[in-house]
>>> print(open('data29.tsv').read())   # TSV, N, CA and C atoms
chain	number	residue	atom	x	y	z
A	137	MET	N	90.09	94.87	140.94
A	137	MET	CA	91.40	95.38	140.64
A	137	MET	C	91.43	96.09	139.30
A	138	SER	N	90.46	95.77	138.44
A	138	SER	CA	90.41	96.38	137.12
A	138	SER	C	89.90	97.81	137.21
A	139	ARG	N	90.57	98.70	136.50
A	139	ARG	CA	90.10	100.08	136.41
A	139	ARG	C	89.37	100.24	135.09
A	140	GLU	N	88.08	100.00	135.14
A	140	GLU	CA	87.29	100.03	133.92
A	140	GLU	C	87.17	101.44	133.38
A	141	ARG	N	87.33	101.58	132.07
A	141	ARG	CA	87.22	102.87	131.41
A	141	ARG	C	85.85	102.98	130.78
A	142	GLU	N	85.30	104.17	130.80
A	142	GLU	CA	83.99	104.42	130.21
A	142	GLU	C	84.13	104.56	128.70
A	143	VAL	N	83.40	103.75	127.95
A	143	VAL	CA	83.39	103.82	126.49
A	143	VAL	C	81.97	104.17	126.06
A	144	SER	N	81.86	105.20	125.26
A	144	SER	CA	80.53	105.68	124.85
A	144	SER	C	80.00	104.87	123.67
A	145	PRO	N	78.68	104.87	123.48
A	145	PRO	CA	78.10	104.20	122.32
A	145	PRO	C	78.61	104.79	121.00
A	146	GLU	N	78.92	106.10	121.00
A	146	GLU	CA	79.46	106.71	119.79
A	146	GLU	C	80.82	106.10	119.43
A	147	GLU	N	81.65	105.86	120.47
A	147	GLU	CA	82.95	105.24	120.23
A	147	GLU	C	82.78	103.81	119.71
A	148	VAL	N	81.80	103.10	120.23
A	148	VAL	CA	81.52	101.74	119.76
A	148	VAL	C	81.11	101.77	118.30
A	149	ARG	N	80.22	102.70	117.94
A	149	ARG	CA	79.78	102.81	116.55
A	149	ARG	C	80.96	103.17	115.65
A	150	HIS	N	81.84	104.05	116.13
A	150	HIS	CA	83.01	104.45	115.35
A	150	HIS	C	83.95	103.25	115.12
A	151	MET	N	84.20	102.47	116.18
A	151	MET	CA	85.05	101.29	116.04
A	151	MET	C	84.41	100.26	115.11
A	152	ALA	N	83.10	100.10	115.20
A	152	ALA	CA	82.40	99.17	114.32
A	152	ALA	C	82.52	99.61	112.87
A	153	LYS	N	82.40	100.91	112.64
A	153	LYS	CA	82.52	101.44	111.28
A	153	LYS	C	83.93	101.20	110.74
A	154	LEU	N	84.95	101.48	111.56
A	154	LEU	CA	86.33	101.25	111.14
A	154	LEU	C	86.61	99.77	110.87
A	155	SER	N	85.95	98.91	111.63
A	155	SER	CA	86.13	97.46	111.48
A	155	SER	C	85.20	96.87	110.43
A	156	ARG	N	84.34	97.71	109.89
A	156	ARG	CA	83.34	97.29	108.90
A	156	ARG	C	82.43	96.19	109.45
A	157	LEU	N	82.03	96.39	110.70
A	157	LEU	CA	81.11	95.47	111.36
A	157	LEU	C	79.75	96.12	111.49
A	158	VAL	N	78.72	95.32	111.40
A	158	VAL	CA	77.36	95.81	111.63
A	158	VAL	C	76.92	95.27	112.98
A	159	ILE	N	76.59	96.18	113.89
A	159	ILE	CA	76.13	95.74	115.21
A	159	ILE	C	74.74	96.30	115.45
A	160	ALA	N	73.95	95.54	116.17
A	160	ALA	CA	72.58	95.96	116.48
A	160	ALA	C	72.63	97.05	117.56
A	161	PRO	N	71.68	97.96	117.56
A	161	PRO	CA	71.67	99.02	118.57
A	161	PRO	C	71.71	98.48	120.01
A	162	GLY	N	71.11	97.35	120.27
A	162	GLY	CA	71.13	96.77	121.61
A	162	GLY	C	72.49	96.23	122.02
A	163	GLU	N	73.33	95.92	121.03
A	163	GLU	CA	74.65	95.38	121.33
A	163	GLU	C	75.66	96.45	121.69
A	164	GLU	N	75.35	97.71	121.41
A	164	GLU	CA	76.29	98.80	121.68
A	164	GLU	C	76.67	98.86	123.15
A	165	ALA	N	75.70	98.70	124.02
A	165	ALA	CA	75.98	98.77	125.46
A	165	ALA	C	76.87	97.61	125.90
A	166	VAL	N	76.63	96.42	125.35
A	166	VAL	CA	77.44	95.25	125.70
A	166	VAL	C	78.88	95.47	125.25
A	167	PHE	N	79.06	95.93	124.01
A	167	PHE	CA	80.41	96.17	123.49
A	167	PHE	C	81.09	97.29	124.26
A	168	ALA	N	80.36	98.32	124.61
A	168	ALA	CA	80.95	99.44	125.37
A	168	ALA	C	81.48	98.94	126.70
A	169	ARG	N	80.71	98.08	127.38
A	169	ARG	CA	81.16	97.55	128.66
A	169	ARG	C	82.39	96.66	128.49
A	170	GLN	N	82.38	95.80	127.44
A	170	GLN	CA	83.51	94.90	127.21
A	170	GLN	C	84.77	95.67	126.81
A	171	PHE	N	84.61	96.68	125.95
A	171	PHE	CA	85.77	97.50	125.58
A	171	PHE	C	86.32	98.22	126.80
A	172	GLY	N	85.45	98.71	127.64
A	172	GLY	CA	85.88	99.38	128.87
A	172	GLY	C	86.68	98.45	129.77
A	173	GLN	N	86.24	97.20	129.88
A	173	GLN	CA	86.97	96.22	130.69
A	173	GLN	C	88.34	95.92	130.09
A	174	ILE	N	88.39	95.78	128.78
A	174	ILE	CA	89.67	95.51	128.11
A	174	ILE	C	90.63	96.67	128.33
A	175	LEU	N	90.15	97.88	128.14
A	175	LEU	CA	91.00	99.06	128.34
A	175	LEU	C	91.44	99.18	129.80
A	176	GLY	N	90.58	98.78	130.73
A	176	GLY	CA	90.95	98.78	132.15
A	176	GLY	C	92.10	97.83	132.43
A	177	HIS	N	92.05	96.64	131.82
A	177	HIS	CA	93.14	95.68	131.99
A	177	HIS	C	94.43	96.21	131.37
A	178	MET	N	94.32	96.87	130.22
A	178	MET	CA	95.51	97.45	129.58
A	178	MET	C	96.11	98.55	130.46
A	179	ALA	N	95.28	99.30	131.15
A	179	ALA	CA	95.78	100.35	132.06
A	179	ALA	C	96.58	99.73	133.20
A	180	ILE	N	96.12	98.59	133.69
A	180	ILE	CA	96.86	97.89	134.77
A	180	ILE	C	98.22	97.46	134.25
A	181	LEU	N	98.27	96.88	133.05
A	181	LEU	CA	99.54	96.46	132.48
A	181	LEU	C	100.45	97.64	132.22
A	182	GLU	N	99.86	98.75	131.80
A	182	GLU	CA	100.64	99.94	131.50
A	182	GLU	C	101.29	100.52	132.76
A	183	SER	N	100.69	100.29	133.92
A	183	SER	CA	101.22	100.86	135.16
A	183	SER	C	102.37	100.05	135.75
A	184	VAL	N	102.65	98.88	135.19
A	184	VAL	CA	103.73	98.03	135.70
A	184	VAL	C	105.08	98.63	135.31
A	185	ASP	N	106.00	98.72	136.27
A	185	ASP	CA	107.34	99.25	136.02
A	185	ASP	C	108.19	98.18	135.34
A	186	THR	N	108.58	98.44	134.09
A	186	THR	CA	109.37	97.46	133.33
A	186	THR	C	110.78	97.97	133.03
A	187	THR	N	111.24	98.96	133.77
A	187	THR	CA	112.59	99.46	133.53
A	187	THR	C	113.60	98.38	133.87
A	188	GLY	N	114.58	98.22	133.01
A	188	GLY	CA	115.63	97.23	133.24
A	188	GLY	C	115.26	95.82	132.83
A	189	ILE	N	114.09	95.64	132.26
A	189	ILE	CA	113.67	94.30	131.82
A	189	ILE	C	113.80	94.22	130.31
A	190	GLU	N	114.57	93.24	129.86
A	190	GLU	CA	114.77	93.06	128.42
A	190	GLU	C	113.48	92.54	127.78
A	191	PRO	N	113.22	92.93	126.53
A	191	PRO	CA	112.04	92.43	125.83
A	191	PRO	C	112.11	90.92	125.64
A	192	LEU	N	110.97	90.26	125.71
A	192	LEU	CA	110.88	88.82	125.52
A	192	LEU	C	110.30	88.56	124.14
A	193	TYR	N	111.12	88.00	123.27
A	193	TYR	CA	110.67	87.73	121.91
A	193	TYR	C	110.03	86.36	121.78
A	194	SER	N	110.37	85.46	122.67
A	194	SER	CA	109.82	84.12	122.63
A	194	SER	C	109.79	83.57	124.05
A	195	PRO	N	108.72	82.88	124.42
A	195	PRO	CA	108.69	82.28	125.75
A	195	PRO	C	109.56	81.03	125.85
A	196	LEU	N	110.07	80.55	124.72
A	196	LEU	CA	110.92	79.37	124.72
A	196	LEU	C	112.35	79.75	125.06
A	197	GLY	N	113.05	78.88	125.74
A	197	GLY	CA	114.42	79.15	126.11
A	197	GLY	C	115.38	79.09	124.93
A	198	THR	N	115.02	78.35	123.92
A	198	THR	CA	115.88	78.20	122.75
A	198	THR	C	115.33	79.04	121.59
A	199	LEU	N	116.21	79.52	120.77
A	199	LEU	CA	115.76	80.34	119.64
A	199	LEU	C	115.18	79.50	118.51
A	200	CYS	N	115.72	78.30	118.29
A	200	CYS	CA	115.26	77.46	117.19
A	200	CYS	C	114.89	76.09	117.74
A	201	ALA	N	113.61	75.84	117.87
A	201	ALA	CA	113.16	74.57	118.43
A	201	ALA	C	112.97	73.51	117.35
A	202	THR	N	113.24	73.86	116.09
A	202	THR	CA	113.07	72.90	115.01
A	202	THR	C	114.43	72.39	114.55
A	203	ARG	N	114.41	71.51	113.60
A	203	ARG	CA	115.66	70.93	113.10
A	203	ARG	C	116.44	71.96	112.29
A	204	ALA	N	117.69	71.67	112.07
A	204	ALA	CA	118.53	72.55	111.24
A	204	ALA	C	118.05	72.48	109.79
A	205	ASP	N	118.15	73.55	109.09
A	205	ASP	CA	117.72	73.62	107.70
A	205	ASP	C	118.89	73.25	106.80
A	206	ASP	N	119.13	71.94	106.69
A	206	ASP	CA	120.24	71.44	105.89
A	206	ASP	C	119.72	70.87	104.59
A	207	ALA	N	120.42	71.14	103.49
A	207	ALA	CA	120.04	70.60	102.19
A	207	ALA	C	120.48	69.14	102.12
A	208	ASP	N	119.54	68.27	101.75
A	208	ASP	CA	119.81	66.84	101.61
A	208	ASP	C	119.09	66.32	100.38
A	209	ASN	N	119.67	65.36	99.72
A	209	ASN	CA	118.99	64.66	98.64
A	209	ASN	C	118.46	63.36	99.22
A	210	LEU	N	117.22	63.39	99.68
A	210	LEU	CA	116.64	62.22	100.32
A	210	LEU	C	115.99	61.28	99.31
A	211	ARG	N	115.66	61.80	98.13
A	211	ARG	CA	115.01	60.98	97.10
A	211	ARG	C	115.74	61.16	95.78
A	212	SER	N	115.69	60.12	94.98
A	212	SER	CA	116.33	60.19	93.67
A	212	SER	C	115.38	60.86	92.68
A	213	ARG	N	115.92	61.28	91.55
A	213	ARG	CA	115.12	61.90	90.50
A	213	ARG	C	114.02	60.95	90.03
A	214	THR	N	114.34	59.68	89.92
A	214	THR	CA	113.36	58.68	89.48
A	214	THR	C	112.20	58.59	90.46
A	215	GLU	N	112.49	58.61	91.76
A	215	GLU	CA	111.42	58.57	92.77
A	215	GLU	C	110.54	59.80	92.70
A	216	ILE	N	111.15	60.96	92.49
A	216	ILE	CA	110.38	62.21	92.45
A	216	ILE	C	109.49	62.25	91.22
A	217	LEU	N	109.99	61.80	90.08
A	217	LEU	CA	109.22	61.86	88.83
A	217	LEU	C	108.23	60.70	88.67
A	218	ALA	N	108.26	59.72	89.57
A	218	ALA	CA	107.43	58.52	89.43
A	218	ALA	C	105.94	58.83	89.40
A	219	ASN	N	105.47	59.82	90.13
A	219	ASN	CA	104.04	60.13	90.18
A	219	ASN	C	103.63	61.27	89.27
A	220	ALA	N	104.55	61.78	88.47
A	220	ALA	CA	104.22	62.90	87.58
A	220	ALA	C	103.37	62.40	86.42
A	221	PRO	N	102.39	63.20	85.96
A	221	PRO	CA	101.58	62.79	84.82
A	221	PRO	C	102.41	62.64	83.55
A	222	GLN	N	103.38	63.55	83.35
A	222	GLN	CA	104.23	63.47	82.16
A	222	GLN	C	105.65	63.91	82.51
A	223	THR	N	106.62	63.15	82.01
A	223	THR	CA	108.03	63.53	82.17
A	223	THR	C	108.77	63.19	80.89
A	224	ASP	N	109.97	63.72	80.77
A	224	ASP	CA	110.84	63.32	79.65
A	224	ASP	C	112.00	62.48	80.18
A	225	GLY	N	111.86	62.01	81.39
A	225	GLY	CA	112.91	61.21	82.02
A	225	GLY	C	113.78	62.01	82.97
A	226	HIS	N	113.84	63.34	82.74
A	226	HIS	CA	114.66	64.19	83.61
A	226	HIS	C	113.85	65.31	84.24
A	227	TYR	N	112.79	65.75	83.56
A	227	TYR	CA	112.03	66.92	84.01
A	227	TYR	C	110.53	66.65	83.92
A	228	PHE	N	109.75	67.46	84.65
A	228	PHE	CA	108.30	67.43	84.53
A	228	PHE	C	107.92	68.08	83.20
A	229	ILE	N	106.91	67.54	82.55
A	229	ILE	CA	106.35	68.20	81.36
A	229	ILE	C	105.03	68.81	81.77
A	230	VAL	N	104.91	70.11	81.56
A	230	VAL	CA	103.70	70.85	81.94
A	230	VAL	C	103.18	71.62	80.73
A	231	PRO	N	101.88	71.95	80.72
A	231	PRO	CA	101.36	72.71	79.60
A	231	PRO	C	101.98	74.10	79.53
A	232	ARG	N	102.18	74.58	78.32
A	232	ARG	CA	102.72	75.92	78.13
A	232	ARG	C	101.65	76.95	78.46
A	233	ILE	N	102.03	77.96	79.22
A	233	ILE	CA	101.12	79.05	79.57
A	233	ILE	C	101.71	80.33	79.02
A	234	VAL	N	100.93	80.98	78.18
A	234	VAL	CA	101.43	82.22	77.55
A	234	VAL	C	100.69	83.39	78.08
>>> encode(input="data29.tsv", output="structure tokens")
Amino acid sequence: MSREREVSPEEVRHMAKLSRLVIAPGEEAVFARQFGQILGHMAILESVDTTGIEPLYSPLGTLCATRADDADNLRSRTEILANAPQTDGHYFIVPRIV
């Protein structure tokens, strides 16, 4: 069912150069065949009539599958500063960076 497209070794070398990949001369034929198969599959997808079909942004039915982003004070200042190397009782003390 796939309409494989012919990809030349020159095109493979060009794509490798753009991708900054080094491929062995023997691998050019393998990549050419694989690229041709990929492009063949894309041609099949391109031929599908999608008129009247809304774009799908997420396969999930809900837009937000996580919890609401609500501000809460779950810990006290004392709990937060308890593991700090240095504090003044209200804030973290950190080295000055100039």
>>> closest_residue(input="data29.tsv", among="A:Gly162, A:Glu190, A:Val148, A:His226", to="A:Arg213", atoms="only C-alpha atoms")
A:His226
>>> residues_around(input="data29.tsv", residues="A:Ala220", least_positions_apart="6", cutoff="10 Å", atoms="only C-alpha atoms", output="list in words")
Tyr227, Phe228, Ile229 and Val230 of chain A
>>> atom_distance(input="data29.tsv", atom1="atom N of A:Gln170", atom2="atom CA of A:Arg139")
12.6 Å
>>> select_by_dssp(input="data29.tsv", residues="chain A", states="alpha helix (DSSP H)", output="VMD selection string")
chain A and resid 145 to 155 163 to 182 213 to 217
>>> closest_residue(input="data29.tsv", among="A:Pro191, A:Pro221, A:Pro145, A:Pro231", to="A:Phe167", atoms="all atoms listed in the file")
A:Pro145
>>> residues_around(input="data29.tsv", residues="stretch 173-182 of chain A", least_positions_apart="4", cutoff="7 Å", atoms="all atoms listed in the file", output="PyMOL selection string")
chain A and resi 138-141+168-169
>>> atom_distance(input="data29.tsv", atom1="atom C of A:Thr202", atom2="atom CA of A:Ile216")
24.7 Å
>>> atom_distance(input="data29.tsv", atom1="atom N of A:Ser144", atom2="atom N of A:Gly172")
7.8 Å
>>> decode(input="data29.tsv", residues="stretch 177-223 of chain A", atoms="C-alpha atoms", output="short mmCIF file (atom, residue, chain, number, x, y, z; two decimals), in the first residue's frame")
data_model
loop_
_atom_site.label_atom_id
_atom_site.label_comp_id
_atom_site.auth_asym_id
_atom_site.auth_seq_id
_atom_site.Cartn_x
_atom_site.Cartn_y
_atom_site.Cartn_z
CA HIS A 177 3.86 6.85 4.03
CA MET A 178 3.62 10.64 4.13
CA ALA A 179 2.22 10.60 0.57
CA ILE A 180 -0.52 8.21 1.72
CA LEU A 181 -1.41 10.53 4.60
CA GLU A 182 -1.34 13.52 2.28
CA SER A 183 -3.90 11.88 -0.02
CA VAL A 184 -6.51 11.55 2.75
CA ASP A 185 -9.43 13.99 2.38
CA THR A 186 -9.61 16.02 5.60
CA THR A 187 -12.07 18.71 4.52
CA GLY A 188 -14.53 19.52 7.28
CA ILE A 189 -12.43 17.89 9.99
CA GLU A 190 -11.38 20.15 12.85
CA PRO A 191 -7.73 20.00 13.93
CA LEU A 192 -7.00 17.76 16.93
CA TYR A 193 -4.77 19.50 19.44
CA SER A 194 -4.90 16.75 22.03
CA PRO A 195 -6.08 13.15 21.96
CA LEU A 196 -7.53 13.65 25.45
CA GLY A 197 -11.16 14.61 25.82
CA THR A 198 -10.38 17.18 28.48
CA LEU A 199 -8.20 20.22 28.01
CA CYS A 200 -6.63 20.13 31.48
CA ALA A 201 -6.01 16.70 32.94
CA THR A 202 -4.05 18.08 35.90
CA ARG A 203 -5.15 19.83 39.05
CA ALA A 204 -6.14 23.48 39.15
CA ASP A 205 -3.26 25.89 39.63
CA ASP A 206 -4.40 27.44 42.89
CA ALA A 207 -2.09 29.35 45.24
CA ASP A 208 -1.95 27.74 48.69
CA ASN A 209 0.26 28.16 51.73
CA LEU A 210 0.86 24.52 52.54
CA ARG A 211 3.96 25.11 54.68
CA SER A 212 4.90 27.73 57.21
CA ARG A 213 7.94 29.98 56.88
CA THR A 214 9.61 28.06 59.72
CA GLU A 215 9.16 24.74 57.89
CA ILE A 216 10.55 26.17 54.66
CA LEU A 217 13.61 27.72 56.32
CA ALA A 218 14.32 24.66 58.52
CA ASN A 219 16.72 23.04 56.02
CA ALA A 220 18.43 26.23 54.84
CA PRO A 221 22.17 26.50 55.56
CA GLN A 222 21.75 30.10 56.78
CA THR A 223 18.74 32.26 57.60
#
